[in-house]
Each structure stands twice: as structure tokens, then as C-alpha cells.
Amino acid sequence: MAESLSTDVLILGGGIAGLWLNARLRQQGFATLLVEKASLGGEQSVKSQGIIHGGAKYALHGALTGASEAIADMPRRWREALAGSGELDLRGVRLLSDAHYLWSPGTLAGNLTSFFASKAVRGRVDQVKGDALPPALQHPKFKGKVYRLAELVLDVPSLITRLAELAGDSLLAGREVIPLRHDGQLAGLVIDGREVRAQRIVLSAGAGNQALLEALGLSQPAMQRRPLHMVMVKAPSLKPLYAHCLGGGPKPRVTVTSHPAADGQWVWYLGGDLAEADGVARNEAEQIAAAEQELRQLLPWIDLSAAQWATLRVDRAEPAQSGLVRPDNAFLAEQDRLLVGWPTKLALAPDFADRVLAAFERDGVRPAANPPLPALPRPTVAQPVWEELLG
Ligand code: FAD
């Protein structure tokens, strides 16, 4: 006979959104089951740059609006969690950088006028010089201006590992999902033949939400994918750098984060405009050539002769919206017992969980008596993507 389980909240998808939500619900006494079909964090989350934005980047092109207060508070909430005094205890998660920087090469200060006028950055940006510059920019040939943003950068693999610990025995490796209906209502899901009944079902499967909605016979909310073609470079000469480098346009020309490889070298992970439309159109060799040219132009003193290169194609999954405007809040849609959403940024996972908790509060969803879960097949935690590509 099929195994039959019951829980308060059934979560599908173990990226940052599902794992953070799961940990918060468990802390509030809810019984949960989180289903992951591949590896925890292995899609967008471990492929992200790990920047805990406070919204400064979006102020660059005026996209930061009144509705963006949620993102402005994210660095504080994450800092508290890292210190063990916040909504989750994330002590032990590796902080890669206590700040992210904005770097304007040459004489592009004009670009920054509207940026500094923006309410979102006022009082939270300081210019840095000399010894206070990021190590990779401390060179006599360096020209340009650098500003310190009150944002942080996290080692995402260690974050996923910690959230998997906080998940305790609530994790289930499972692939096949079939709706379980009772009197025409969604009562739960059958996961690889196991019946799981729940008060609420949350789809937080990133790009996988679309297929899950289809499996449930639904077409809304609609999803969009934003393709990116990221570049990684590892070299003994690299020093840490966490910065948006500004170009002539409203978006960062290149966004650099640095990640420690197991062999002791640093891997630079390059995104920003480099990884968007033109970058997506380039093949791997062309994209590597474009990235190398950018680095040689911006940081000519860096020795790249022993560098190893790789590229990574990955889609951002977000709610569909006109004009591909970047959302700066988490998104949640609801339909009876089903909740579906995208945090839209790693940094906004706390906002995603807030929205789910607010919906439960409104609907009077509370922890109920559930029998303990049996031992279940547990999904693995994703490996750092730079080890897979450059290890
Ligand atoms: P995901 O991390 O994609 O997780 C979804 C999970 O669901 C996966 O583990 C997947 O295997 C699982 N799944 C899929 N289908 C099913 C199914 N049927 N059943 C069960 N499980 C399923 N944000 C920032 O805040 N800062 C950054 O610096 C940043 N950089 C980024 C860089 C890149 C290149 C990209 C692509 C994104 C970046 N982001 C950043 C955005 C951020 O990564 C995402 O918004 C966030 O990770 C999404 O988390 P998620 O949990 O919704 O999705």
C-alpha cells in the first residue's frame, strides 16, 4: 500500500526560497515536508553571486521605487541572522565580504549623479581610497572612484548547508508529483507514490514552478525566464573583489564576486551586463574572449596567463511581467490551499517567507497534530558550481 504522510505545510523546491521558508515554519512549530527533485540549492541559488542587495544597484537606473522598502531592509536582516540574533540562526555561514563596492572606472562620475540623489542610497554609501580599496584594486595604476555599499556577500554553498541542517528530518528527495484531490479540492500531492496531505502547499521550485503548475492543471501565475551567460575565471594572481563596475549605461558593465576554491585560489564570477543579452548571444569561446578583454582593459596589471576559464548558462526564473522590469520584492500568488512564488532574488528569501507567513496568519493556518515522519530519502546539498566547472 502507498505510504501516507501528513504535515502542515508541504513545500516543493529546495532552493533558498523553500529552505528559508521551511526553517522559519519549523521554528514556529509547523510540521513541514520539503521536496527537492535534484540537489538542494543546485539551480539558481548556488549559481547566484551571493550578494545581499539593499537595492543600491537598482537605484542606478531609477527602478527603485517606493515599493522597494523590502529590499532596503535585507542587509540588516541577513546580518542579524548571521550573528545568531535574527529570525534564523545562520551562525557558521561564511561571510565572503562585509561590503559590496561600486566602482566607476575613469571619469564616469557623471553617471552617479542620479544614483547619489536617490533616497535608497543616501547615507549608505561611502567613498573609499588607498588601503581601504578592495585588494584587487590596490595598485598604483588603478584609476577611478570606488564607493562602499552597505551590502554583503555570502558563500551560498555554506548557506544552503546550514539551512539543510535547520531542516532536520523534513527533507524528501522526490521527482514525480501528482495532485491528490478530496471532494474536488487539492488535499495534498502524491510524491513518487507517497501520499502527502497538508493544510497548505507552497511551490517554491524556481523555474520548476511552471511544470508543477501544469501538473496541477493550472496556468497562472505565469513565469518568465531571464537567460544569463556568466563567466568564471580562476588564477593564482586573483585577489578578492566584490564590485559592480559601472559602464556608460544604467546597468553595471560587469559585476564581480570572488569565491574561494578548494585548491586555495580565488575564482572570480562575472555577471552584470557582460552576462546579459549580448553575452547570451555569444558562444562559450566568444564569451570568454569578451570577459578577458573586459578584465584586461579594466585591470591591466592582473596576470591572467595561468587563468582557467569557464562559462555557465543559467536562467533567472521570475513572475512574468511586462518589459522585463526587475522586481525588487518577492512575489507570491495564492489559490485556495496552494501558494506559488519566486523570491526574485536570493536576498529576498526573508521577504518571500514573510508573505507566506502573513497569508497563514490571515487564514488562521496553525500547527496541527501530525504523526512524526518516517525515515525518508534525503536530497543531497549542491556542490559549489566553480568546483564543478573549474575543479
Ligand atoms: P532555485 O534556487 O532555482 O531553487 C529551486 C529548486 O526547486 C531547485 O533546487 C530545483 O531542483 C527544485 N525543483 C524544481 N522543480 C521541482 C519539482 N518539480 N519538485 C521538487 N523540486 C523542484 N540574487 C541575489 O539576491 N543576489 C545575487 O547576487 C544574485 N546573483 C544571481 C546570479 C545569477 C547568475 C542568477 C541566475 C541569479 C542570481 N540571483 C541573485 C537570483 C537568485 O539566485 C534567485 O532569485 C534565487 O536563488 C531563487 O531561489 P529559488 O529558491 O526560488 O530557486
# chains A, B, ... in the order shown; residues from 1 in each chain; ligands from 1
$ select_by_dssp --residues "region 210-308 of chain A" --states "alpha helix (DSSP H)" --output "ChimeraX atom specification"
/A:210-215,277-281,284-298
$ residues_around --residues "Gln199 (chain A)" --least-positions-apart "3" --cutoff "9 Å" --atoms "only C-alpha atoms" --output "list in words"
Ser6, Thr7, Asp8, Val9, Leu10, Ala187, Gly188, Arg337, Val365 and Arg366 of chain A
$ write_last_selection --atoms "C-alpha atoms" --output "tab-separated table (two decimals), in the first residue's frame"
chain	number	residue	atom	x	y	z
A	6	SER	CA	0.53	14.22	6.71
A	7	THR	CA	2.09	17.55	7.51
A	8	ASP	CA	1.04	21.17	8.00
A	9	VAL	CA	2.94	22.62	5.05
A	10	LEU	CA	4.25	20.79	2.01
A	187	ALA	CA	-5.70	17.98	-0.42
A	188	GLY	CA	-2.05	17.17	-0.99
A	337	ARG	CA	-4.57	25.83	-0.39
A	365	VAL	CA	-3.41	28.27	9.43
A	366	ARG	CA	-1.74	26.94	12.60
$ residues_near_ligand --ligand "ligand 1" --cutoff "7 Å" --atoms "only C-alpha atoms and all ligand atoms" --output "ChimeraX atom specification"
/A:12-18,35-53,174-175,177,204-209,211-212,228,230,271,314-316,342-348
$ write_last_selection --atoms "C-alpha atoms" --output "mmCIF file, in the first residue's frame"
data_model
loop_
_atom_site.group_PDB
_atom_site.id
_atom_site.type_symbol
_atom_site.label_atom_id
_atom_site.label_comp_id
_atom_site.auth_asym_id
_atom_site.auth_seq_id
_atom_site.Cartn_x
_atom_site.Cartn_y
_atom_site.Cartn_z
ATOM 1 C CA LEU A 12 8.146 21.907 -3.318
ATOM 2 C CA GLY A 13 11.642 23.111 -4.216
ATOM 3 C CA GLY A 14 14.729 23.327 -2.014
ATOM 4 C CA GLY A 15 16.472 26.448 -3.264
ATOM 5 C CA ILE A 16 16.891 29.446 -0.997
ATOM 6 C CA ALA A 17 13.150 30.264 -1.039
ATOM 7 C CA GLY A 18 11.952 26.822 0.042
ATOM 8 C CA VAL A 35 10.521 18.028 -1.519
ATOM 9 C CA GLU A 36 13.581 18.529 -3.734
ATOM 10 C CA LYS A 37 13.895 16.796 -7.076
ATOM 11 C CA ALA A 38 17.632 17.283 -7.700
ATOM 12 C CA SER A 39 20.075 18.796 -5.170
ATOM 13 C CA LEU A 40 19.368 21.438 -2.519
ATOM 14 C CA GLY A 41 20.318 24.856 -3.848
ATOM 15 C CA GLY A 42 21.562 23.367 -7.114
ATOM 16 C CA GLU A 43 19.655 25.553 -9.559
ATOM 17 C CA GLN A 44 19.717 29.356 -9.331
ATOM 18 C CA SER A 45 20.743 29.589 -5.675
ATOM 19 C CA VAL A 46 24.280 28.165 -5.828
ATOM 20 C CA LYS A 47 24.753 29.780 -9.228
ATOM 21 C CA SER A 48 23.969 33.210 -7.790
ATOM 22 C CA GLN A 49 26.645 35.715 -6.846
ATOM 23 C CA GLY A 50 25.519 35.723 -3.215
ATOM 24 C CA ILE A 51 25.117 39.491 -2.956
ATOM 25 C CA ILE A 52 22.662 40.576 -0.283
ATOM 26 C CA HIS A 53 21.430 43.655 -2.066
ATOM 27 C CA GLY A 174 11.283 13.194 -4.828
ATOM 28 C CA ARG A 175 10.603 13.724 -8.517
ATOM 29 C CA VAL A 177 4.306 14.889 -8.476
ATOM 30 C CA SER A 204 8.982 27.432 -4.488
ATOM 31 C CA ALA A 205 10.646 25.449 -7.249
ATOM 32 C CA GLY A 206 12.164 28.357 -9.205
ATOM 33 C CA ALA A 207 11.969 27.573 -12.926
ATOM 34 C CA GLY A 208 10.325 24.277 -11.922
ATOM 35 C CA ASN A 209 7.152 26.078 -10.779
ATOM 36 C CA ALA A 211 5.883 22.406 -14.785
ATOM 37 C CA LEU A 212 4.423 21.918 -11.305
ATOM 38 C CA LEU A 228 22.281 34.797 -18.395
ATOM 39 C CA MET A 230 28.038 34.034 -16.671
ATOM 40 C CA GLY A 271 27.946 38.861 -14.258
ATOM 41 C CA VAL A 314 21.521 29.837 -16.306
ATOM 42 C CA ASP A 315 18.049 31.371 -16.375
ATOM 43 C CA ARG A 316 16.610 33.550 -13.686
ATOM 44 C CA TRP A 342 9.532 33.383 -6.583
ATOM 45 C CA PRO A 343 11.769 35.380 -4.240
ATOM 46 C CA THR A 344 13.167 37.062 -7.412
ATOM 47 C CA LYS A 345 16.477 37.425 -5.550
ATOM 48 C CA LEU A 346 18.392 35.334 -3.091
ATOM 49 C CA ALA A 347 18.476 38.404 -0.836
ATOM 50 C CA LEU A 348 14.673 38.485 -0.767
#
$ closest_residue --among "A:Ala289, A:Leu159, A:Leu5, A:Leu149" --to "Val381 (chain A)" --atoms "only C-alpha atoms"
A:Leu159
$ select_by_dssp --residues "region 254-380 of chain A" --states "strand (DSSP E)" --output "PyMOL selection string"
chain A and resi 254-260+266-271+308-319+331-335+338-342
$ write_last_selection --atoms "N, CA and C atoms" --output "short mmCIF file (atom, residue, chain, number, x, y, z; two decimals), in the first residue's frame"
data_model
loop_
_atom_site.label_atom_id
_atom_site.label_comp_id
_atom_site.auth_asym_id
_atom_site.auth_seq_id
_atom_site.Cartn_x
_atom_site.Cartn_y
_atom_site.Cartn_z
N VAL A 254 30.03 45.21 -15.52
CA VAL A 254 30.35 43.86 -15.05
C VAL A 254 30.23 43.86 -13.52
N THR A 255 29.69 42.77 -13.00
CA THR A 255 29.62 42.60 -11.55
C THR A 255 30.53 41.44 -11.19
N VAL A 256 31.50 41.71 -10.32
CA VAL A 256 32.49 40.69 -9.96
C VAL A 256 32.26 40.25 -8.52
N THR A 257 32.17 38.95 -8.29
CA THR A 257 32.26 38.41 -6.92
C THR A 257 33.39 37.39 -6.91
N SER A 258 33.93 37.12 -5.74
CA SER A 258 35.11 36.23 -5.64
C SER A 258 34.78 35.09 -4.69
N HIS A 259 35.16 33.88 -5.08
CA HIS A 259 34.75 32.70 -4.32
C HIS A 259 35.97 31.81 -4.08
N PRO A 260 36.12 31.33 -2.84
CA PRO A 260 37.32 30.53 -2.54
C PRO A 260 37.19 29.12 -3.11
N TRP A 266 41.44 31.91 -5.79
CA TRP A 266 40.17 32.61 -5.89
C TRP A 266 39.58 32.43 -7.28
N VAL A 267 38.25 32.27 -7.29
CA VAL A 267 37.52 32.25 -8.56
C VAL A 267 36.75 33.55 -8.64
N TRP A 268 36.93 34.27 -9.74
CA TRP A 268 36.09 35.45 -9.97
C TRP A 268 34.90 35.00 -10.80
N TYR A 269 33.72 35.44 -10.33
CA TYR A 269 32.47 35.09 -11.01
C TYR A 269 31.94 36.40 -11.60
N LEU A 270 31.77 36.43 -12.91
CA LEU A 270 31.49 37.69 -13.61
C LEU A 270 30.07 37.70 -14.17
N GLY A 271 29.30 38.68 -13.73
CA GLY A 271 27.95 38.86 -14.26
C GLY A 271 27.77 40.31 -14.68
N GLN A 308 42.28 29.84 -15.66
CA GLN A 308 41.37 28.82 -16.21
C GLN A 308 40.01 29.50 -16.35
N TRP A 309 39.34 29.27 -17.47
CA TRP A 309 38.06 29.96 -17.74
C TRP A 309 36.94 28.95 -17.94
N ALA A 310 35.74 29.38 -17.62
CA ALA A 310 34.54 28.58 -17.95
C ALA A 310 33.35 29.53 -18.04
N THR A 311 32.32 29.12 -18.72
CA THR A 311 31.09 29.91 -18.71
C THR A 311 29.95 29.04 -18.20
N LEU A 312 28.90 29.69 -17.81
CA LEU A 312 27.75 29.00 -17.23
C LEU A 312 26.48 29.69 -17.73
N ARG A 313 25.63 28.91 -18.38
CA ARG A 313 24.34 29.46 -18.79
C ARG A 313 23.30 29.10 -17.75
N VAL A 314 22.55 30.09 -17.32
CA VAL A 314 21.52 29.84 -16.31
C VAL A 314 20.42 30.89 -16.48
N ASP A 315 19.19 30.44 -16.26
CA ASP A 315 18.05 31.37 -16.38
C ASP A 315 17.62 31.83 -15.00
N ARG A 316 17.32 33.09 -14.88
CA ARG A 316 16.61 33.55 -13.69
C ARG A 316 15.14 33.26 -13.91
N ALA A 317 14.46 32.74 -12.91
CA ALA A 317 13.02 32.47 -13.02
C ALA A 317 12.29 33.49 -12.16
N GLU A 318 11.30 34.14 -12.75
CA GLU A 318 10.60 35.23 -12.08
C GLU A 318 9.14 35.22 -12.52
N PRO A 319 8.27 35.94 -11.82
CA PRO A 319 6.91 36.08 -12.32
C PRO A 319 6.94 36.88 -13.62
N PHE A 331 7.61 37.62 -4.77
CA PHE A 331 6.28 37.50 -5.38
C PHE A 331 5.59 36.25 -4.85
N LEU A 332 4.33 36.40 -4.46
CA LEU A 332 3.56 35.24 -4.01
C LEU A 332 2.14 35.35 -4.54
N ALA A 333 1.65 34.26 -5.16
CA ALA A 333 0.26 34.20 -5.60
C ALA A 333 -0.42 33.08 -4.81
N GLU A 334 -1.72 33.19 -4.62
CA GLU A 334 -2.43 32.20 -3.81
C GLU A 334 -3.68 31.73 -4.53
N GLN A 335 -3.98 30.46 -4.35
CA GLN A 335 -5.20 29.90 -4.90
C GLN A 335 -5.64 28.80 -3.94
N LEU A 338 -3.14 26.42 -2.24
CA LEU A 338 -1.87 26.44 -2.96
C LEU A 338 -1.27 27.86 -2.96
N LEU A 339 0.00 27.95 -2.65
CA LEU A 339 0.72 29.23 -2.75
C LEU A 339 1.90 29.01 -3.68
N VAL A 340 2.13 29.96 -4.55
CA VAL A 340 3.18 29.81 -5.57
C VAL A 340 4.00 31.09 -5.63
N GLY A 341 5.32 30.98 -5.66
CA GLY A 341 6.06 32.23 -5.76
C GLY A 341 7.51 32.09 -6.15
N TRP A 342 8.10 33.26 -6.28
CA TRP A 342 9.53 33.38 -6.58
C TRP A 342 10.07 34.50 -5.70
#
$ closest_residue --among "A:Asp273, A:Trp301, A:Val233, A:Pro221" --to "Ile288 (chain A)" --atoms "only C-alpha atoms"
A:Val233
$ closest_residue --among "A:Glu3, A:Val280, A:Phe30, A:Ser158" --to "Ala375 (chain A)" --atoms "only C-alpha atoms"
A:Glu3
$ closest_residue --among "A:Arg197, A:Arg162, A:Lys239, A:Arg253" --to "Ala23 (chain A)" --atoms "only C-alpha atoms"
A:Arg162
$ closest_residue --among "A:Leu102, A:Val196, A:Ala320, A:Ala56" --to "Ser219 (chain A)" --atoms "only C-alpha atoms"
A:Ala320
$ closest_residue --among "A:Gln210, A:Pro374, A:Leu171, A:Lys251" --to "Met223 (chain A)" --atoms "only C-alpha atoms"
A:Gln210
$ atom_distance --atom1 "CA of Leu299 (chain A)" --atom2 "CA of Leu137 (chain A)"
7.8 Å
$ atom_distance --atom1 "CA of Pro134 (chain A)" --atom2 "CA of Val146 (chain A)"
8.9 Å
$ residues_around --residues "Pro157 (chain A)" --least-positions-apart "2" --cutoff "7 Å" --atoms "only C-alpha atoms" --output "list in words"
Val46, Asp155, Leu159, Ile160, Thr161, Gln383 and Pro384 of chain A
$ write_last_selection --atoms "N, CA and C atoms" --output "compact mmCIF listing (two decimals), in the first residue's frame"
# COMPACT_ATOMS: atom_id res chain seq x y z
N VAL A 46 22.81 28.24 -5.90
CA VAL A 46 24.28 28.16 -5.83
C VAL A 46 24.95 28.79 -7.04
N ASP A 155 28.81 33.21 1.10
CA ASP A 155 29.19 31.96 0.44
C ASP A 155 27.91 31.10 0.41
N LEU A 159 25.62 28.56 3.09
CA LEU A 159 24.26 28.96 3.48
C LEU A 159 23.27 27.80 3.26
N ILE A 160 23.39 27.16 2.12
CA ILE A 160 22.48 26.04 1.81
C ILE A 160 22.73 24.90 2.80
N THR A 161 24.00 24.64 3.10
CA THR A 161 24.32 23.58 4.06
C THR A 161 23.68 23.87 5.41
N GLN A 383 26.96 21.04 -4.80
CA GLN A 383 28.38 21.40 -4.71
C GLN A 383 28.58 22.82 -5.26
N PRO A 384 29.62 23.52 -4.81
CA PRO A 384 29.89 24.83 -5.42
C PRO A 384 30.08 24.68 -6.93
$ atom_distance --atom1 "CA of Glu176 (chain A)" --atom2 "CA of Ile191 (chain A)"
5.5 Å
